[in-house]
>>> print(open('query.txt').read())   # compact mmCIF, C-alpha atoms and all ligand atoms
# COMPACT_ATOMS: atom_id res chain seq x y z
CA MET A 292 12.18 -67.06 -32.80
CA THR A 293 12.23 -66.43 -29.03
CA ASN A 294 14.46 -63.41 -29.60
CA PHE A 295 12.02 -61.97 -32.08
CA SER A 296 9.03 -62.37 -29.72
CA THR A 297 10.98 -60.75 -26.87
CA ILE A 298 11.82 -57.75 -29.04
CA TYR A 299 8.23 -57.62 -30.18
CA ARG A 300 6.93 -57.68 -26.61
CA LEU A 301 9.41 -55.05 -25.47
CA SER A 302 8.48 -52.73 -28.29
CA VAL A 303 4.78 -53.15 -27.51
CA VAL A 304 5.52 -52.23 -23.89
CA ALA A 305 7.57 -49.24 -25.06
CA VAL A 306 4.77 -48.02 -27.31
CA ILE A 307 2.20 -48.36 -24.52
CA CYS A 308 4.50 -46.44 -22.17
CA LEU A 309 4.93 -43.72 -24.77
CA ILE A 310 1.16 -43.39 -25.24
CA GLN A 311 0.67 -43.23 -21.50
CA ALA A 312 3.41 -40.64 -21.11
CA CYS A 313 1.89 -38.51 -23.85
CA SER A 314 -1.62 -38.68 -22.48
CA SER A 315 -0.45 -38.17 -18.90
CA SER A 316 -0.01 -34.42 -19.42
CA CYS A 317 -3.78 -34.14 -19.03
CA PRO A 318 -5.10 -35.55 -15.78
CA VAL A 319 -7.61 -38.19 -14.89
CA LEU A 320 -9.40 -36.40 -12.09
CA GLU A 321 -11.17 -37.98 -9.17
CA CYS A 322 -14.13 -35.75 -8.45
CA TRP A 323 -17.14 -35.58 -6.21
CA PHE A 324 -20.33 -35.48 -8.18
CA VAL A 325 -22.66 -33.43 -6.01
CA GLN A 326 -26.31 -32.88 -6.81
CA GLU A 327 -29.56 -32.16 -5.08
CA LYS A 328 -31.43 -35.30 -4.19
CA ALA A 329 -34.43 -35.81 -6.42
CA GLY A 330 -37.91 -36.29 -4.91
CA ARG A 331 -37.01 -34.79 -1.55
CA GLY A 332 -38.78 -31.47 -1.94
CA GLY A 333 -40.45 -29.55 0.86
CA GLY A 334 -37.47 -28.79 3.10
CA LEU A 335 -35.77 -25.41 3.12
CA THR A 336 -32.32 -26.91 2.86
CA ALA A 337 -31.99 -29.04 -0.20
CA ALA A 338 -30.52 -32.43 0.57
CA THR A 339 -27.52 -33.23 -1.56
CA SER A 340 -25.93 -36.47 -2.61
CA GLN A 341 -22.25 -37.09 -3.20
CA GLU A 342 -20.89 -39.71 -5.51
CA LYS A 343 -17.36 -40.49 -6.57
CA SER A 344 -16.76 -39.77 -10.20
CA LEU A 345 -13.92 -39.85 -12.67
CA LEU A 346 -13.06 -37.27 -15.27
CA PHE A 347 -10.79 -38.14 -18.19
CA VAL A 348 -9.42 -34.83 -19.43
CA ARG A 349 -7.99 -34.40 -22.90
CA THR A 350 -7.38 -31.52 -25.27
CA ASP A 351 -8.57 -33.37 -28.33
CA ALA A 352 -11.79 -35.39 -28.47
CA ASP A 353 -10.15 -37.97 -30.74
CA SER A 354 -7.32 -38.97 -28.41
CA ALA A 355 -7.46 -42.57 -27.18
CA GLU A 356 -8.00 -43.62 -23.58
CA THR A 357 -5.49 -45.87 -21.89
CA GLN A 358 -6.82 -46.16 -18.36
CA LYS A 359 -9.63 -48.08 -16.74
CA ALA A 360 -11.87 -46.63 -14.08
CA PRO A 361 -11.39 -48.05 -10.58
CA SER A 362 -14.06 -50.49 -9.46
CA ASP A 363 -15.40 -48.26 -6.66
CA ILE A 364 -16.63 -45.72 -9.18
CA ASN A 365 -20.03 -46.11 -10.76
CA PRO A 366 -19.44 -46.43 -14.55
CA ASP A 367 -22.29 -43.94 -15.04
CA ARG A 368 -20.16 -41.35 -13.27
CA VAL A 369 -17.19 -41.65 -15.58
CA TYR A 370 -16.94 -38.70 -17.93
CA PHE A 371 -14.73 -37.60 -20.78
CA LEU A 372 -13.92 -33.93 -20.90
CA THR A 373 -12.42 -32.18 -23.90
CA ASP A 374 -10.68 -28.94 -22.97
CA THR A 375 -9.35 -27.40 -26.19
CA ALA A 376 -7.61 -24.63 -24.25
CA GLY A 377 -5.75 -27.15 -22.08
CA THR A 378 -6.51 -25.21 -18.91
CA LEU A 379 -7.28 -28.41 -17.00
CA CYS A 380 -3.97 -29.95 -18.08
CA HIS A 381 -2.03 -27.66 -15.73
CA PRO A 382 0.65 -29.64 -13.82
CA SER A 383 -0.86 -28.69 -10.44
CA LEU A 384 -3.97 -30.67 -11.41
CA ASN A 385 -1.89 -33.66 -12.43
CA PRO A 386 0.36 -34.76 -9.56
CA PRO A 387 2.75 -37.68 -10.04
CA GLU A 388 1.22 -41.10 -9.46
CA GLY A 389 1.10 -42.13 -5.80
CA SER A 390 1.13 -38.54 -4.61
CA VAL A 391 -0.56 -38.22 -1.20
CA THR A 392 -2.20 -34.88 -1.83
CA LYS A 393 -4.61 -34.71 -4.71
CA PRO A 394 -6.23 -31.80 -6.47
CA LEU A 395 -9.76 -31.03 -5.30
CA CYS A 396 -12.54 -31.51 -7.80
CA GLU A 397 -16.28 -31.14 -7.57
CA ILE A 398 -18.85 -31.49 -10.31
CA ASN A 399 -22.36 -30.08 -10.10
CA PRO A 400 -25.14 -30.23 -12.66
CA PHE A 401 -25.64 -26.74 -14.09
CA LEU A 402 -28.72 -25.09 -15.53
CA PRO A 403 -28.18 -22.35 -18.10
CA HIS A 404 -30.28 -19.35 -17.12
CA LEU A 405 -30.95 -15.71 -17.78
CA SER A 406 -29.46 -13.14 -15.46
CA THR A 407 -31.23 -9.94 -14.52
CA LEU A 408 -28.05 -8.22 -13.31
CA LYS A 409 -27.70 -4.88 -15.04
CA TRP A 410 -24.28 -5.70 -16.46
CA VAL A 411 -25.29 -9.22 -17.58
CA ALA A 412 -28.80 -8.80 -18.98
CA PRO A 413 -27.63 -7.15 -22.27
CA LEU A 414 -25.77 -10.37 -23.15
CA THR A 415 -29.04 -12.21 -23.76
CA ASP A 416 -30.76 -9.43 -25.72
CA SER A 417 -30.78 -11.42 -28.92
CA ALA A 418 -32.75 -14.65 -28.67
CA LEU A 419 -30.66 -17.76 -28.97
CA SER A 420 -31.67 -21.10 -30.34
CA PRO A 421 -32.69 -23.08 -27.24
CA ILE A 422 -31.57 -26.33 -28.88
CA TYR A 423 -27.97 -25.55 -27.98
CA LEU A 424 -28.92 -25.01 -24.36
CA GLN A 425 -30.90 -28.25 -24.21
CA ALA A 426 -28.01 -30.46 -23.21
CA ASP A 427 -26.30 -31.79 -20.10
CA TRP A 428 -24.43 -28.96 -18.45
CA PHE A 429 -21.93 -29.34 -15.63
CA SER A 430 -20.09 -26.89 -13.49
CA THR A 431 -16.69 -28.21 -12.42
CA ALA A 432 -14.64 -26.58 -9.68
CA LEU A 433 -10.99 -27.55 -9.37
CA GLN A 434 -8.21 -26.64 -7.00
CA GLY A 435 -4.63 -27.45 -7.94
CA LEU A 436 -1.88 -28.47 -5.53
CA ASN A 437 -0.03 -25.90 -3.42
CA GLU A 438 -2.56 -23.18 -4.17
CA GLN A 439 -1.11 -22.83 -7.64
CA LEU A 440 -4.38 -22.69 -9.51
CA THR A 441 -8.11 -22.62 -9.09
CA VAL A 442 -10.36 -23.31 -12.05
CA SER A 443 -14.07 -23.30 -12.60
CA SER A 444 -15.42 -24.66 -15.88
CA ILE A 445 -18.82 -24.90 -17.47
CA THR A 446 -19.02 -27.94 -19.69
CA ARG A 447 -21.64 -29.20 -22.11
CA ALA A 448 -22.46 -32.68 -23.36
CA PRO A 449 -25.21 -33.60 -25.81
CA THR A 450 -28.09 -34.93 -23.68
CA ALA A 451 -27.43 -38.34 -22.11
CA THR A 452 -23.90 -38.61 -23.45
CA LYS A 453 -20.81 -38.43 -21.31
CA GLU A 454 -18.64 -36.54 -23.75
CA HIS A 455 -18.33 -33.08 -22.28
CA HIS A 456 -16.71 -30.02 -23.81
CA VAL A 457 -15.42 -27.02 -21.87
CA ILE A 458 -17.42 -23.98 -22.99
CA LEU A 459 -16.18 -21.51 -20.37
CA SER A 460 -13.23 -21.67 -17.96
CA VAL A 461 -12.38 -19.10 -15.33
CA THR A 462 -9.01 -19.44 -13.58
CA SER A 463 -6.94 -17.75 -10.94
CA LYS A 464 -3.29 -18.23 -10.09
CA THR A 465 -3.42 -16.03 -7.03
CA VAL A 466 -5.41 -18.30 -4.74
CA SER A 467 -3.96 -16.69 -1.65
CA VAL A 468 -2.22 -13.32 -1.74
CA GLN A 469 -0.46 -11.25 0.91
CA ALA A 470 0.34 -7.60 0.39
CA ARG A 471 1.81 -4.72 2.39
CA LEU A 472 -0.19 -1.62 3.12
CA GLY A 473 -0.18 0.93 0.28
CA GLU A 474 1.24 -1.47 -2.29
CA PRO A 475 -0.53 -2.10 -5.58
CA VAL A 476 -2.22 -5.52 -5.60
CA MET A 477 -3.07 -7.72 -8.56
CA LEU A 478 -5.65 -10.46 -8.11
CA ASP A 479 -5.37 -12.80 -11.05
CA CYS A 480 -8.43 -13.90 -12.98
CA GLY A 481 -8.58 -15.08 -16.56
CA PHE A 482 -11.22 -16.66 -18.71
CA TRP A 483 -11.45 -18.69 -21.85
CA ALA A 484 -14.58 -19.26 -23.91
CA ASP A 485 -14.79 -21.93 -26.58
CA PRO A 486 -14.79 -19.92 -29.84
CA SER A 487 -16.81 -22.65 -31.57
CA SER A 488 -19.68 -22.23 -29.10
CA PRO A 489 -22.59 -19.99 -30.15
CA LEU A 490 -22.39 -18.49 -26.64
CA SER A 491 -19.02 -16.94 -27.30
CA GLY A 492 -18.65 -13.89 -29.47
CA SER A 493 -21.85 -12.30 -28.22
CA GLY A 494 -20.20 -10.54 -25.35
CA PHE A 495 -19.22 -11.23 -21.78
CA ALA A 496 -19.44 -9.55 -18.40
CA VAL A 497 -17.01 -9.54 -15.48
CA GLU A 498 -17.88 -8.97 -11.86
CA TRP A 499 -15.64 -8.72 -8.82
CA ARG A 500 -17.19 -9.14 -5.40
CA TYR A 501 -15.69 -8.84 -1.95
CA GLN A 502 -16.74 -10.98 0.98
CA PHE A 503 -15.56 -10.90 4.58
CA ARG A 504 -17.33 -12.42 7.58
CA GLY A 505 -20.77 -12.15 6.03
CA ASP A 506 -20.10 -8.62 4.83
CA GLY A 507 -20.08 -8.30 1.05
CA ARG A 508 -19.82 -5.57 -1.53
CA LEU A 509 -19.53 -5.19 -5.24
CA VAL A 510 -16.01 -4.09 -6.12
CA LEU A 511 -16.41 -3.73 -9.84
CA ALA A 512 -18.75 -4.85 -12.60
CA TYR A 513 -18.07 -4.54 -16.30
CA ASP A 514 -20.35 -5.16 -19.23
CA GLY A 515 -17.97 -6.20 -21.99
CA LYS A 516 -20.66 -6.10 -24.66
CA SER A 517 -21.42 -2.41 -24.35
CA ASP A 518 -18.03 -1.61 -22.75
CA ARG A 519 -19.59 -0.12 -19.62
CA LEU A 520 -18.58 -0.15 -15.98
CA ALA A 521 -21.26 -0.22 -13.27
CA ASP A 522 -21.48 2.93 -11.14
CA THR A 523 -20.79 1.08 -7.91
CA GLN A 524 -17.13 0.74 -8.66
CA GLU A 525 -14.80 0.90 -5.69
CA GLU A 526 -12.19 3.62 -5.62
CA GLY A 527 -8.77 2.52 -6.82
CA ALA A 528 -10.04 -0.76 -8.32
CA THR A 529 -9.55 -1.28 -12.02
CA LEU A 530 -9.14 -3.81 -14.83
CA ASP A 531 -6.78 -3.92 -17.78
CA PHE A 532 -9.53 -3.50 -20.38
CA GLU A 533 -7.28 -4.11 -23.35
CA GLY A 534 -5.98 -7.36 -21.88
CA LEU A 535 -9.53 -8.30 -20.92
CA HIS A 536 -10.86 -8.05 -24.48
CA GLU A 537 -7.77 -9.45 -26.16
CA LYS A 538 -6.73 -12.25 -23.83
CA GLY A 539 -9.55 -12.68 -21.34
CA ASN A 540 -7.39 -11.16 -18.60
CA ALA A 541 -9.95 -10.09 -15.99
CA SER A 542 -7.38 -9.51 -13.21
CA LEU A 543 -8.37 -6.94 -10.64
CA ILE A 544 -5.89 -4.22 -9.82
CA LEU A 545 -6.15 -2.45 -6.47
CA GLN A 546 -3.95 0.59 -6.73
CA LYS A 547 -3.25 0.92 -3.00
CA ALA A 548 -3.76 -1.92 -0.56
CA LYS A 549 -5.79 -0.93 2.50
CA VAL A 550 -6.63 -2.95 5.59
CA ARG A 551 -10.27 -3.06 4.53
CA HIS A 552 -9.22 -4.93 1.39
CA SER A 553 -8.41 -8.06 3.41
CA GLY A 554 -10.93 -10.75 2.63
CA MET A 555 -12.25 -13.05 -0.05
CA TYR A 556 -12.63 -11.98 -3.66
CA ILE A 557 -14.90 -13.62 -6.19
CA CYS A 558 -14.21 -13.17 -9.88
CA THR A 559 -17.31 -14.04 -11.91
CA VAL A 560 -17.40 -14.21 -15.69
CA TYR A 561 -20.70 -14.28 -17.54
CA LEU A 562 -21.42 -15.47 -21.03
CA PRO A 563 -25.01 -15.46 -22.23
CA TYR A 564 -26.88 -18.01 -20.06
CA ILE A 565 -23.77 -19.41 -18.37
CA VAL A 566 -21.52 -18.22 -15.58
CA ALA A 567 -18.39 -19.41 -13.80
CA GLN A 568 -16.51 -18.00 -10.86
CA VAL A 569 -13.34 -18.44 -8.83
CA THR A 570 -12.56 -17.19 -5.33
CA MET A 571 -9.31 -16.03 -3.86
CA GLU A 572 -8.07 -14.67 -0.57
CA LEU A 573 -6.25 -11.39 -0.01
CA GLU A 574 -4.59 -10.52 3.27
CA ILE A 575 -3.01 -7.18 3.99
CA VAL A 576 -0.09 -7.83 6.32
CA GLU A 577 1.72 -4.88 7.82
CA PRO A 578 4.26 -5.25 10.66
CA PRO A 579 4.18 -2.75 13.54
CA SER A 580 6.31 0.34 14.10
CA LEU A 581 7.65 0.54 17.66
CA SER A 582 8.26 3.53 19.86
CA LEU A 583 9.61 3.60 23.42
CA HIS A 584 8.73 6.06 26.20
CA PRO A 585 10.70 7.54 27.81
CA SER A 586 13.58 7.49 25.38
CA PRO A 587 16.38 8.05 26.25
CA LEU A 588 15.89 6.57 29.71
CA PRO A 589 16.77 8.65 32.80
CA LEU A 590 19.68 7.52 34.96
CA VAL A 591 18.55 5.01 37.54
CA VAL A 592 19.85 4.47 41.06
CA PRO A 593 19.70 0.97 42.55
CA GLY A 594 16.42 0.35 44.32
CA GLN A 595 14.52 2.59 42.01
CA THR A 596 11.65 1.20 39.92
CA LEU A 597 11.57 2.32 36.32
CA THR A 598 8.45 2.29 34.17
CA ILE A 599 8.93 2.06 30.43
CA GLN A 600 6.34 1.79 27.66
CA CYS A 601 6.57 0.30 24.21
CA GLU A 602 3.90 1.19 21.68
CA ALA A 603 3.39 -0.96 18.59
CA SER A 604 1.31 0.82 15.98
CA GLY A 605 0.20 0.65 12.37
CA PHE A 606 -0.01 -3.12 12.17
CA ALA A 607 -2.50 -5.53 10.63
CA PRO A 608 -3.84 -8.14 11.11
CA LEU A 609 -4.46 -8.11 14.85
CA SER A 610 -1.97 -10.78 15.80
CA LEU A 611 0.92 -9.53 17.86
CA GLU A 612 3.19 -10.85 20.60
CA LEU A 613 4.95 -8.20 22.66
CA GLY A 614 7.85 -8.85 25.01
CA TRP A 615 10.92 -7.36 26.67
CA GLU A 616 14.56 -8.40 26.71
CA PHE A 617 17.58 -7.19 28.60
CA LYS A 618 21.16 -7.42 27.38
CA GLY A 619 23.71 -6.77 30.09
CA ALA A 620 27.40 -5.94 29.95
CA ASP A 621 28.19 -9.65 29.47
CA GLY A 622 26.39 -9.50 26.11
CA LYS A 623 23.83 -12.12 27.07
CA SER A 624 20.16 -11.48 26.40
CA ARG A 625 17.50 -12.60 28.77
CA PRO A 626 13.75 -12.26 28.62
CA LEU A 627 11.94 -9.96 31.04
CA GLY A 628 8.45 -11.17 30.17
CA SER A 629 5.72 -9.41 28.29
CA GLY A 630 5.02 -6.56 30.72
CA SER A 631 1.42 -5.50 31.15
CA ILE A 632 -0.21 -5.39 27.73
CA SER A 633 -3.00 -2.97 26.96
CA GLY A 634 -6.08 -3.63 24.87
CA HIS A 635 -5.79 -2.81 21.18
CA ARG A 636 -7.02 0.30 19.41
CA GLN A 637 -7.91 0.63 15.75
CA ALA A 638 -6.84 3.67 13.77
CA TRP A 639 -8.79 5.38 10.97
CA ASP A 640 -6.89 3.35 8.36
CA GLY A 641 -7.87 0.07 9.99
CA THR A 642 -4.42 -0.65 11.45
CA TYR A 643 -4.06 -1.56 15.10
CA SER A 644 -1.96 -0.35 17.99
CA GLN A 645 -1.14 -1.94 21.31
CA THR A 646 1.11 -0.99 24.24
CA THR A 647 3.11 -2.91 26.80
CA ARG A 648 4.32 -1.35 30.05
CA LEU A 649 7.31 -2.75 31.89
CA GLU A 650 7.92 -2.08 35.59
CA LEU A 651 11.63 -2.57 36.01
CA ASP A 652 12.56 -3.21 39.65
CA THR A 653 16.30 -2.68 39.86
CA THR A 654 16.58 -4.30 43.28
CA THR A 655 15.07 -7.67 42.49
CA LEU A 656 16.52 -7.95 39.02
CA ASP A 657 20.26 -8.32 38.76
CA LEU A 658 20.89 -5.71 36.10
CA GLY A 659 24.45 -4.73 37.05
CA ARG A 660 25.41 -1.33 35.78
CA GLY A 661 22.72 -1.52 33.10
CA GLY A 662 22.72 -2.50 29.47
CA GLU A 663 20.30 -2.56 26.58
CA LEU A 664 16.56 -2.81 27.08
CA THR A 665 14.69 -4.10 24.02
CA CYS A 666 11.02 -4.27 23.16
CA VAL A 667 10.34 -7.19 20.79
CA ALA A 668 7.18 -7.42 18.66
CA VAL A 669 6.50 -10.67 16.80
CA HIS A 670 3.98 -10.26 13.96
CA PRO A 671 3.07 -12.31 10.85
CA GLY A 672 4.54 -9.44 8.81
CA GLY A 673 7.90 -9.75 10.57
CA THR A 674 9.61 -9.22 13.93
CA ARG A 675 10.40 -5.68 14.98
CA GLN A 676 12.63 -4.47 17.83
CA ALA A 677 13.31 -1.17 19.56
CA SER A 678 16.07 -0.64 22.17
CA VAL A 679 17.19 1.93 24.73
CA THR A 680 20.24 2.06 26.95
CA LEU A 681 19.72 1.54 30.66
CA ASN A 682 22.30 3.16 32.97
CA ILE A 683 22.36 2.29 36.64
CA ILE A 684 24.58 4.55 38.71
CA GLY A 685 26.11 3.78 42.14
CA PHE A 686 25.60 0.13 41.47
CA SER A 687 25.42 -2.07 44.56
CA ALA A 688 26.67 -5.35 43.23
CA PRO A 689 30.29 -5.16 42.04
CA SER A 690 31.02 -6.13 38.49
CA ILE A 691 33.78 -8.51 37.46
CA GLU A 692 36.16 -5.70 36.58
CA ASP A 693 35.49 -4.10 39.93
CA SER A 694 36.22 -7.34 41.77
CA MET A 695 39.43 -7.77 39.78
CA ALA A 696 40.46 -4.24 40.66
CA MET A 697 39.74 -4.91 44.32
CA VAL A 698 41.78 -8.09 44.28
CA GLY A 699 44.56 -6.10 42.62
CA VAL A 700 44.45 -3.39 45.24
CA ALA A 701 44.42 -6.01 48.01
CA LEU A 702 47.45 -7.71 46.50
CA VAL A 703 49.37 -4.43 46.25
CA LEU A 704 48.48 -3.56 49.87
CA TYR A 705 49.50 -7.02 51.01
CA GLY A 706 52.80 -6.70 49.15
CA LEU A 707 53.41 -3.28 50.68
CA ILE A 708 52.74 -4.52 54.21
CA LYS A 709 54.94 -7.54 53.66
CA PHE A 710 57.75 -5.32 52.31
CA VAL A 711 57.54 -2.89 55.21
CA SER A 712 57.47 -5.59 57.87
CA TRP A 713 60.42 -7.39 56.19
CA THR A 714 62.49 -4.17 56.12
CA PHE A 715 61.89 -3.62 59.83
CA SER A 716 62.52 -7.17 60.89
CA SER A 717 65.75 -7.43 58.81
CA SER A 718 67.16 -4.16 60.32
CA GLY A 719 66.33 -5.59 63.77
CA SER A 720 68.34 -8.77 63.07
CA ASP A 721 71.33 -6.62 61.84
CA GLU A 722 71.52 -4.90 65.20
CA ALA A 723 71.32 -8.26 66.93
CA ASP A 724 74.30 -9.44 64.82
CA LYS A 725 76.37 -6.40 65.81
CA GLN A 726 75.48 -7.08 69.41
CA ASN A 727 76.72 -10.64 69.02
CA LYS A 728 80.02 -9.50 67.48
CA LYS A 729 80.64 -7.02 70.34
CA ASP A 730 80.06 -9.80 72.86
CA LYS A 731 82.83 -11.87 71.25
C1 LIG B 801 -3.20 -9.57 -16.58
O1 LIG B 801 -3.15 -8.18 -16.35
C2 LIG B 801 -2.40 -7.79 -15.22
C3 LIG B 801 -2.54 -6.31 -15.04
O2 LIG B 801 -2.22 -5.59 -16.19
C4 LIG B 801 -0.96 -8.22 -15.40
O3 LIG B 801 -0.20 -7.86 -14.27
C5 LIG B 801 -0.91 -9.73 -15.61
O4 LIG B 801 0.41 -10.13 -15.86
C6 LIG B 801 -1.81 -10.14 -16.77
N1 LIG B 801 -1.85 -11.57 -16.82
C7 LIG B 801 -1.63 -12.26 -17.93
C8 LIG B 801 -1.73 -13.73 -17.81
O5 LIG B 801 -1.36 -11.71 -18.97
>>> encode(input="query.txt", output="structure tokens")
Amino acid sequence: MTNFSTIYRLSVVAVICLIQACSSSCPVLECWFVQEKAGRGGGLTAATSQEKSLLFVRTDADSAETQKAPSDINPDRVYFLTDTAGTLCHPSLNPPEGSVTKPLCEINPFLPHLSTLKWVAPLTDSALSPIYLQADWFSTALQGLNEQLTVSSITRAPTATKEHHVILSVTSKTVSVQARLGEPVMLDCGFWADPSSPLSGSGFAVEWRYQFRGDGRLVLAYDGKSDRLADTQEEGATLDFEGLHEKGNASLILQKAKVRHSGMYICTVYLPYIVAQVTMELEIVEPPSLSLHPSPLPLVVPGQTLTIQCEASGFAPLSLELGWEFKGADGKSRPLGSGSISGHRQAWDGTYSQTTRLELDTTTLDLGRGGELTCVAVHPGGTRQASVTLNIIGFSAPSIEDSMAMVGVALVLYGLIKFVSWTFSSSGSDEADKQNKKDK
């Protein structure tokens, strides 16, 4: 009897675990519910309120819930979100339990509206039943862990219910991109529209905008309904139109990365009355090329001061550390400081250049016979080095080999003197011996 109940209990536990494991592929997201405060009109800046909220994500509206909302969350702010496409079930939005970093999530109430933009207006040409639009609409912005994914979704729930459905999702997997100058760049953007929604199937529009330090421009705008690109298109920027219509692939392709492409990009996808957008960052990173003047170096006599320049050019962004190193005959490198660094200049292509000048005083620095002089440039795109050979003639301080040679010469001389003096003194004692013998 006890055995049976134990087995029974264990199997119940196992089943619960299984259900939890199955449903855990879609996350339960902790979000900030942010909205404008009601009844606070008059001010220019709308006051906003933030409330903690919980979002149970699932791919199927019928799937059962297994978790309870924490007590610090207002039960009115607990929502159930059905995402048929499963976009929000990406692993980066569902970290293992107890994980310190959490995906970012913000929910805002959303009002469907008409757009007057030239490439969007045609979408709402045909009047739509307003009953569908009369519902609770949310805009949810999500950021996965490790910059793997950013998602923005427009969801709809019948008025005063908490059962939301994703109607439009826009995603990007290139949240932060680095590219070298002249390379082709792909900024990922994809969208999914719920095919069962009356808003899908009547066309879409895609817009790419660029933003950098308050400066913005339209990169590209495409009206997918009439298959037309806006005139303001930037040179070398394009979309894969086939992929866009077939798979919702709205990725932007920049054929040749330029310095002026560094900045923030916003991919916006419009359906009639609704819109969602994701932002991503592109940085063009190009390490410098170095050149040394004069090169080769002239011969230097001790006491002479040598001036040498190192020019770093063609780099971006403007973040560079220049320095000098000297490697003597002993093979050891030592730093010679940064020299005097000039201000930077910007070339026509937006890349920078900067110069450092080194005054090499051969009397105060112990440089021996010379060695290798290296200019080192440390840049986010990589470290670059350029070297020249430094020859000092008529060196004043003897090197190790020279000292050894001198010791050698001294030893030979000493030996010679010793030998000569011994020869003389021994011949002297011979004569003294003979003298002694004669005396006897
Ligand atoms: C979208 O299109 C770009 C450019 O053709 C391509 O590199 C990328 O792999 C496509 N993405 C998907 C998810 O198909």
>>> closest_residue(input="query.txt", among="A:Thr529, A:Ser553, A:Ser430, A:Ser517", to="Pro608 of chain A", atoms="only C-alpha atoms")
A:Ser553
>>> atom_distance(input="query.txt", atom1="atom CA of Asp506 of chain A", atom2="atom CA of Gly605 of chain A")
23.6 Å
>>> residues_near_ligand(input="query.txt", ligand="ligand LIG 801 (chain B)", cutoff="10 Å", atoms="all atoms listed in the file", output="number ranges by chain")
A: 463-464, 476-482, 529-535, 537-544
>>> residues_around(input="query.txt", residues="Glu616 of chain A", least_positions_apart="5", cutoff="9 Å", atoms="only C-alpha atoms", output="list in words")
Ser624, Arg625, Pro626, Leu627, Gly628, Glu663, Leu664, Thr665, Cys666 and Val667 of chain A
>>> residues_around(input="query.txt", residues="Asp374 of chain A", least_positions_apart="2", cutoff="8 Å", atoms="only C-alpha atoms", output="PDB file with C-alpha atoms, in the coordinates of the input")
ATOM      1  CA  VAL A 348      -9.420 -34.830 -19.430  1.00  0.00           C
ATOM      2  CA  ARG A 349      -7.990 -34.400 -22.900  1.00  0.00           C
ATOM      3  CA  THR A 350      -7.380 -31.520 -25.270  1.00  0.00           C
ATOM      4  CA  ASP A 351      -8.570 -33.370 -28.330  1.00  0.00           C
ATOM      5  CA  LEU A 372     -13.920 -33.930 -20.900  1.00  0.00           C
ATOM      6  CA  ALA A 376      -7.610 -24.630 -24.250  1.00  0.00           C
ATOM      7  CA  GLY A 377      -5.750 -27.150 -22.080  1.00  0.00           C
ATOM      8  CA  THR A 378      -6.510 -25.210 -18.910  1.00  0.00           C
ATOM      9  CA  LEU A 379      -7.280 -28.410 -17.000  1.00  0.00           C
ATOM     10  CA  HIS A 456     -16.710 -30.020 -23.810  1.00  0.00           C
ATOM     11  CA  VAL A 457     -15.420 -27.020 -21.870  1.00  0.00           C
TER      12      VAL A 457
END
>>> closest_residue(input="query.txt", among="A:Pro475, A:Gly554, A:Pro593, A:Pro486", to="Ala528 of chain A", atoms="only C-alpha atoms")
A:Pro475
>>> closest_residue(input="query.txt", among="A:Leu472, A:Phe606, A:Gly507, A:Glu321", to="Leu545 of chain A", atoms="only C-alpha atoms")
A:Leu472
>>> atom_distance(input="query.txt", atom1="atom CA of Pro563 of chain A", atom2="atom CA of Asp522 of chain A")
21.8 Å
>>> closest_residue(input="query.txt", among="A:Asp621, A:Asp485, A:Glu474, A:Glu498", to="Ala548 of chain A", atoms="all atoms listed in the file")
A:Glu474
>>> closest_residue(input="query.txt", among="A:Leu681, A:Tyr561, A:Pro366, A:Gln469", to="Thr407 of chain A", atoms="all atoms listed in the file")
A:Tyr561
>>> atom_distance(input="query.txt", atom1="atom CA of Lys549 of chain A", atom2="atom CA of Leu613 of chain A")
24.0 Å
>>> closest_residue(input="query.txt", among="A:Thr647, A:Ser390, A:Trp615, A:Val510", to="Ala603 of chain A", atoms="all atoms listed in the file")
A:Thr647
>>> residues_around(input="query.txt", residues="Leu424 of chain A", least_positions_apart="2", cutoff="10 Å", atoms="only C-alpha atoms", output="VMD selection string")
chain A and resid 402 to 404 419 to 422 426 to 428 447 449 to 450 489 to 490 564 to 565
>>> axis_aligned_box(input="query.txt", around="segment 566-576 of chain A", padding_each_side="8 Å", output="lines of an AutoDock Vina configuration file")
center_x = -10.8
center_y = -13.3
center_z = -4.6
size_x = 37.4
size_y = 28.2
size_z = 37.9
>>> residues_near_point(input="query.txt", point="(-13.3, -21.3, -6.6)", cutoff="7 Å", atoms="all atoms listed in the file", output="PyMOL selection string")
chain A and resi 432+441-443+568-570
